[in-house]
Every structure is written in structure tokens, then in C-alpha cells.
Amino acid sequence: MQFRLEPLLSAGQVDELRQALLAEDVPWRDGAETAGWHARAVKRNRQLDPGSSLHQTLASALSDRLLQHPLLQAAALPVRLHNLRFSRCGVGEGYGRHVDNAFMAGGRSDLSFTLFLSEADQYDGGALVLEDPGGESPLRLPAGHALVYPSSLLHRVEPVTRGERLVAVGWIQSRVRRSDRRELLFELDTARRALFQEQGKDEIFDLLSRSYANLLRMWGE
Ligand code: NI
């Protein structure tokens, strides 16, 4: 299941973040340094030095923001959010077809996210393309919007042909490893919340809540 946080950041927050990232003397490095051995051959971008104090400040604020988002909490059931990176692609840069590593220094990658930080009219190309059995979906979301998608998919970033594409990416380790189980829990949770809104805490709500809690106990880790 993929879902969008629309928006995660306001226009003002995106502006602030963009200004901090694009200021002079910001340490950008070749993105291939943090790619797995097979992805390195197709990764063409630059990333904010993850060891810099600027990265640590911005990444920690953004992680908190993501983890506090109610839709992310309900749909992703996060244990932790890890390996957040700020990435930019200029003309001719992109990221060829690859699958993300299952395990990284910060944890398991169950879900990947991309937060778009450039306005769609500031660049051409640069679409995030997810490959799934139903076909391909090229995505260019407005600045401040984030896409969360299963890390199990092959995906790519098409080459930028004009301007610059600035994003933040990262991974989520979920309490529930399997995507189908996570989706079922999300639907059950959504249903019981809707019921609560309409009818309050009645007997059906209690039964649904019990099923939700017990499935989470059964499948969660
Ligand atoms: Ni990737």
C-alpha cells in the first residue's frame, strides 16, 4: 500500500528548509557514497553530508514531523524512521532502476518515503517511477507533499532535464513486516475510528478494537 502525506510541510516550512539546504557552504557529497553496491552504478545525485551538523538538525526535525503525522502512524505503524537523506538532482542526474536494501545501518526498510521539496514547475523530468505488477506510476508531487511506498518495489528517478529536483528520502521500519497485514490493520483501525465518530464507544467499537489490538499483538514485533 502506498499513501501520501498531503501536505506534510506548509509552504513556509518548505521555504525555510530549502533556504537552509541551498545556502552557500552547505556540504553536498556524491550520492553514490551511500548506495548499495548494485545501486551505485545507477545513482547520480548529490546528498547533504550526513555527518554534518546541518544534516543532523534538519533530519531530526523532519523525522519528528513525519513520526507525529497521524496517517503515517496509522498506516505505517513505525518502529523507527532511519537513514533520512536530503538529495538533489541537477540536469542529467537521476537514479536508475533499483530496489532498496532490506537492511541498513538504521534498521529494516519496510516502507520508503520521498518528500518533494522543489515545486513541480521548477524542474522537468525527475519523476519517481514505481514499478508494480499493475504498471508504472510516474510521480511528481507538489513541494511539501510526501509519498510513502513499499520498499519492496523496483523504482527509479527519471533524469532531470531542466532545473533542479530537491527531495528528502528515508525509510521506515514497521511494527508489522508484511504489507498485506499492515493494510488490513489500517483498514480495521480506520473503520473503528469512523464508527467511534458516529456512534461513540459502543459494543461494536469495543469488539473491533479488541480484534485490532489482538491482531497487532499477533503480527507485531
Ligand atoms: Ni531507492
# chains A, B, ... in the order shown; residues from 1 in each chain; ligands from 1
$ select_by_dssp --residues "chain A" --states "strand (DSSP E or B)" --output "ChimeraX atom specification"
/A:3-5,28-30,43-44,46-48,78-89,91,94-98,103-104,107-108,111-116,123-125,128-132,135-139,146-150,154-157,160-163,165-174
$ residues_around --residues "region 108-114 of chain A" --least-positions-apart "4" --cutoff "7 Å" --atoms "only C-alpha atoms" --output "list of chain:residue names"
A:Ala102, A:Phe103, A:Met104, A:Ala146, A:Leu147, A:Val148, A:Tyr149, A:Pro150, A:Ser151, A:Val167, A:Ala168, A:Val169, A:Gly170, A:Trp171, A:Ile172, A:Gln173, A:Ser174, A:Arg177
$ residues_around --residues "Pro70 (chain A)" --least-positions-apart "5" --cutoff "12 Å" --atoms "only C-alpha atoms" --output "list in words"
Arg4, Leu5, Glu6, Leu8, Arg65, Ala75, Ala76, Leu77, Pro78, Phe186, Asp189 and Thr190 of chain A
$ write_last_selection --atoms "N, CA, C and O atoms" --output "PDB file, in the first residue's frame"
ATOM      1  N   ARG A   4      -0.085   9.099   0.614  1.00  0.00           N
ATOM      2  CA  ARG A   4       0.549  10.421   0.539  1.00  0.00           C
ATOM      3  C   ARG A   4       0.258  11.238   1.786  1.00  0.00           C
ATOM      4  O   ARG A   4      -0.841  11.140   2.330  1.00  0.00           O
ATOM      5  N   LEU A   5       1.214  12.031   2.177  1.00  0.00           N
ATOM      6  CA  LEU A   5       1.003  12.997   3.256  1.00  0.00           C
ATOM      7  C   LEU A   5       0.885  14.348   2.556  1.00  0.00           C
ATOM      8  O   LEU A   5       1.879  14.869   2.032  1.00  0.00           O
ATOM      9  N   GLU A   6      -0.354  14.848   2.481  1.00  0.00           N
ATOM     10  CA  GLU A   6      -0.652  15.997   1.616  1.00  0.00           C
ATOM     11  C   GLU A   6      -1.251  17.158   2.407  1.00  0.00           C
ATOM     12  O   GLU A   6      -2.465  17.135   2.640  1.00  0.00           O
ATOM     13  N   LEU A   8       2.802  17.427   4.081  1.00  0.00           N
ATOM     14  CA  LEU A   8       3.492  17.174   5.349  1.00  0.00           C
ATOM     15  C   LEU A   8       4.004  18.515   5.904  1.00  0.00           C
ATOM     16  O   LEU A   8       3.948  18.760   7.105  1.00  0.00           O
ATOM     17  N   ARG A  65       8.603  15.305  12.699  1.00  0.00           N
ATOM     18  CA  ARG A  65       7.396  15.752  11.993  1.00  0.00           C
ATOM     19  C   ARG A  65       6.688  14.554  11.332  1.00  0.00           C
ATOM     20  O   ARG A  65       5.475  14.398  11.424  1.00  0.00           O
ATOM     21  N   ALA A  75      -0.956   4.097   9.238  1.00  0.00           N
ATOM     22  CA  ALA A  75      -0.749   3.261   8.059  1.00  0.00           C
ATOM     23  C   ALA A  75       0.611   2.571   8.062  1.00  0.00           C
ATOM     24  O   ALA A  75       0.758   1.488   7.495  1.00  0.00           O
ATOM     25  N   ALA A  76       1.617   3.183   8.689  1.00  0.00           N
ATOM     26  CA  ALA A  76       2.966   2.604   8.656  1.00  0.00           C
ATOM     27  C   ALA A  76       3.320   1.864   9.945  1.00  0.00           C
ATOM     28  O   ALA A  76       4.226   1.047   9.955  1.00  0.00           O
ATOM     29  N   LEU A  77       2.647   2.152  11.039  1.00  0.00           N
ATOM     30  CA  LEU A  77       2.951   1.556  12.349  1.00  0.00           C
ATOM     31  C   LEU A  77       4.470   1.559  12.598  1.00  0.00           C
ATOM     32  O   LEU A  77       5.094   0.500  12.760  1.00  0.00           O
ATOM     33  N   PRO A  78       5.055   2.752  12.608  1.00  0.00           N
ATOM     34  CA  PRO A  78       6.523   2.825  12.633  1.00  0.00           C
ATOM     35  C   PRO A  78       7.159   2.405  13.952  1.00  0.00           C
ATOM     36  O   PRO A  78       6.649   2.728  15.020  1.00  0.00           O
ATOM     37  N   PHE A 186      -4.666  -1.271   9.069  1.00  0.00           N
ATOM     38  CA  PHE A 186      -5.002   0.132   8.797  1.00  0.00           C
ATOM     39  C   PHE A 186      -6.494   0.274   8.495  1.00  0.00           C
ATOM     40  O   PHE A 186      -7.164   1.185   8.990  1.00  0.00           O
ATOM     41  N   ASP A 189      -8.478  -0.215  11.693  1.00  0.00           N
ATOM     42  CA  ASP A 189      -8.313   0.957  12.549  1.00  0.00           C
ATOM     43  C   ASP A 189      -9.157   2.127  12.023  1.00  0.00           C
ATOM     44  O   ASP A 189      -9.833   2.823  12.794  1.00  0.00           O
ATOM     45  N   THR A 190      -9.132   2.313  10.696  1.00  0.00           N
ATOM     46  CA  THR A 190      -9.916   3.389  10.087  1.00  0.00           C
ATOM     47  C   THR A 190     -11.406   3.168  10.335  1.00  0.00           C
ATOM     48  O   THR A 190     -12.144   4.099  10.674  1.00  0.00           O
TER      49      THR A 190
END
$ residues_near_ligand --ligand "ligand 1" --cutoff "10 Å" --atoms "only C-alpha atoms and all ligand atoms" --output "ChimeraX atom specification"
/A:35-36,39,43,95-101,112-114,128,130,151-157,169-171
$ write_last_selection --atoms "C-alpha atoms" --output "CSV table (one decimal), in the first residue's frame"
chain,number,residue,atom,x,y,z
A,35,ALA,CA,24.3,3.5,-2.3
A,36,GLY,CA,24.4,-0.3,-2.1
A,39,ALA,CA,22.6,0.7,-6.9
A,43,LYS,CA,22.8,6.6,-8.8
A,95,TYR,CA,18.6,7.3,-10.1
A,96,GLY,CA,18.2,4.3,-12.4
A,97,ARG,CA,16.0,1.3,-11.7
A,98,HIS,CA,16.9,-0.4,-8.4
A,99,VAL,CA,15.4,-2.0,-5.2
A,100,ASP,CA,16.4,-0.5,-1.8
A,101,ASN,CA,18.5,-2.7,0.5
A,112,SER,CA,10.3,4.2,1.7
A,113,PHE,CA,9.4,7.8,1.6
A,114,THR,CA,10.1,10.7,-0.7
A,128,LEU,CA,9.7,9.0,-9.2
A,130,LEU,CA,7.3,2.9,-9.0
A,151,SER,CA,10.4,-0.7,-0.1
A,152,SER,CA,9.9,-4.0,-1.9
A,153,LEU,CA,9.2,-2.3,-5.3
A,154,LEU,CA,11.6,-1.7,-8.1
A,155,HIS,CA,11.7,2.1,-8.7
A,156,ARG,CA,13.8,4.8,-10.3
A,157,VAL,CA,14.1,8.6,-10.6
A,169,VAL,CA,14.1,10.4,1.3
A,170,GLY,CA,14.3,7.8,4.1
A,171,TRP,CA,13.0,4.5,5.4
$ select_by_dssp --residues "region 73-211 of chain A" --states "alpha helix (DSSP H)" --output "ChimeraX atom specification"
/A:73-76,179-199,203-211
$ write_last_selection --atoms "C-alpha atoms" --output "short mmCIF file (atom, residue, chain, number, x, y, z; two decimals), in the first residue's frame"
data_model
loop_
_atom_site.label_atom_id
_atom_site.label_comp_id
_atom_site.auth_asym_id
_atom_site.auth_seq_id
_atom_site.Cartn_x
_atom_site.Cartn_y
_atom_site.Cartn_z
CA GLN A 73 1.30 6.44 12.46
CA ALA A 74 -1.85 4.54 11.47
CA ALA A 75 -0.75 3.26 8.06
CA ALA A 76 2.97 2.60 8.66
CA SER A 179 2.47 -5.13 3.79
CA ASP A 180 -0.83 -7.07 3.45
CA ARG A 181 -1.16 -7.37 7.23
CA ARG A 182 -0.32 -3.71 7.72
CA GLU A 183 -3.00 -2.77 5.20
CA LEU A 184 -5.60 -4.92 6.94
CA LEU A 185 -4.78 -3.35 10.31
CA PHE A 186 -5.00 0.13 8.80
CA GLU A 187 -8.46 -0.60 7.37
CA LEU A 188 -9.69 -2.03 10.65
CA ASP A 189 -8.31 0.96 12.55
CA THR A 190 -9.92 3.39 10.09
CA ALA A 191 -13.26 1.58 10.38
CA ARG A 192 -13.28 1.62 14.19
CA ARG A 193 -12.35 5.32 14.29
CA ALA A 194 -15.19 6.14 11.86
CA LEU A 195 -17.58 4.11 13.99
CA PHE A 196 -16.40 5.93 17.12
CA GLN A 197 -17.07 9.29 15.43
CA GLU A 198 -20.60 8.23 14.50
CA GLN A 199 -21.75 6.18 17.46
CA GLU A 203 -20.19 -2.65 21.86
CA ILE A 204 -19.26 -2.98 18.17
CA PHE A 205 -16.45 -0.47 18.66
CA ASP A 206 -15.13 -2.48 21.60
CA LEU A 207 -15.16 -5.72 19.58
CA LEU A 208 -13.40 -4.09 16.62
CA SER A 209 -10.84 -2.57 18.98
CA ARG A 210 -10.24 -5.95 20.55
CA SER A 211 -9.67 -7.53 17.11
#
$ atom_distance --atom1 "CA of Asp121 (chain A)" --atom2 "CA of Gly92 (chain A)"
17.1 Å
$ residues_around --residues "region 47-64 of chain A" --least-positions-apart "6" --cutoff "6 Å" --atoms "only C-alpha atoms" --output "count of residues only"
6
$ residues_around --residues "Glu119 (chain A)" --least-positions-apart "4" --cutoff "12 Å" --atoms "only C-alpha atoms" --output "VMD selection string"
chain A and resid 11 14 to 15 18 115 123 to 124 126 140 to 145 163 to 167
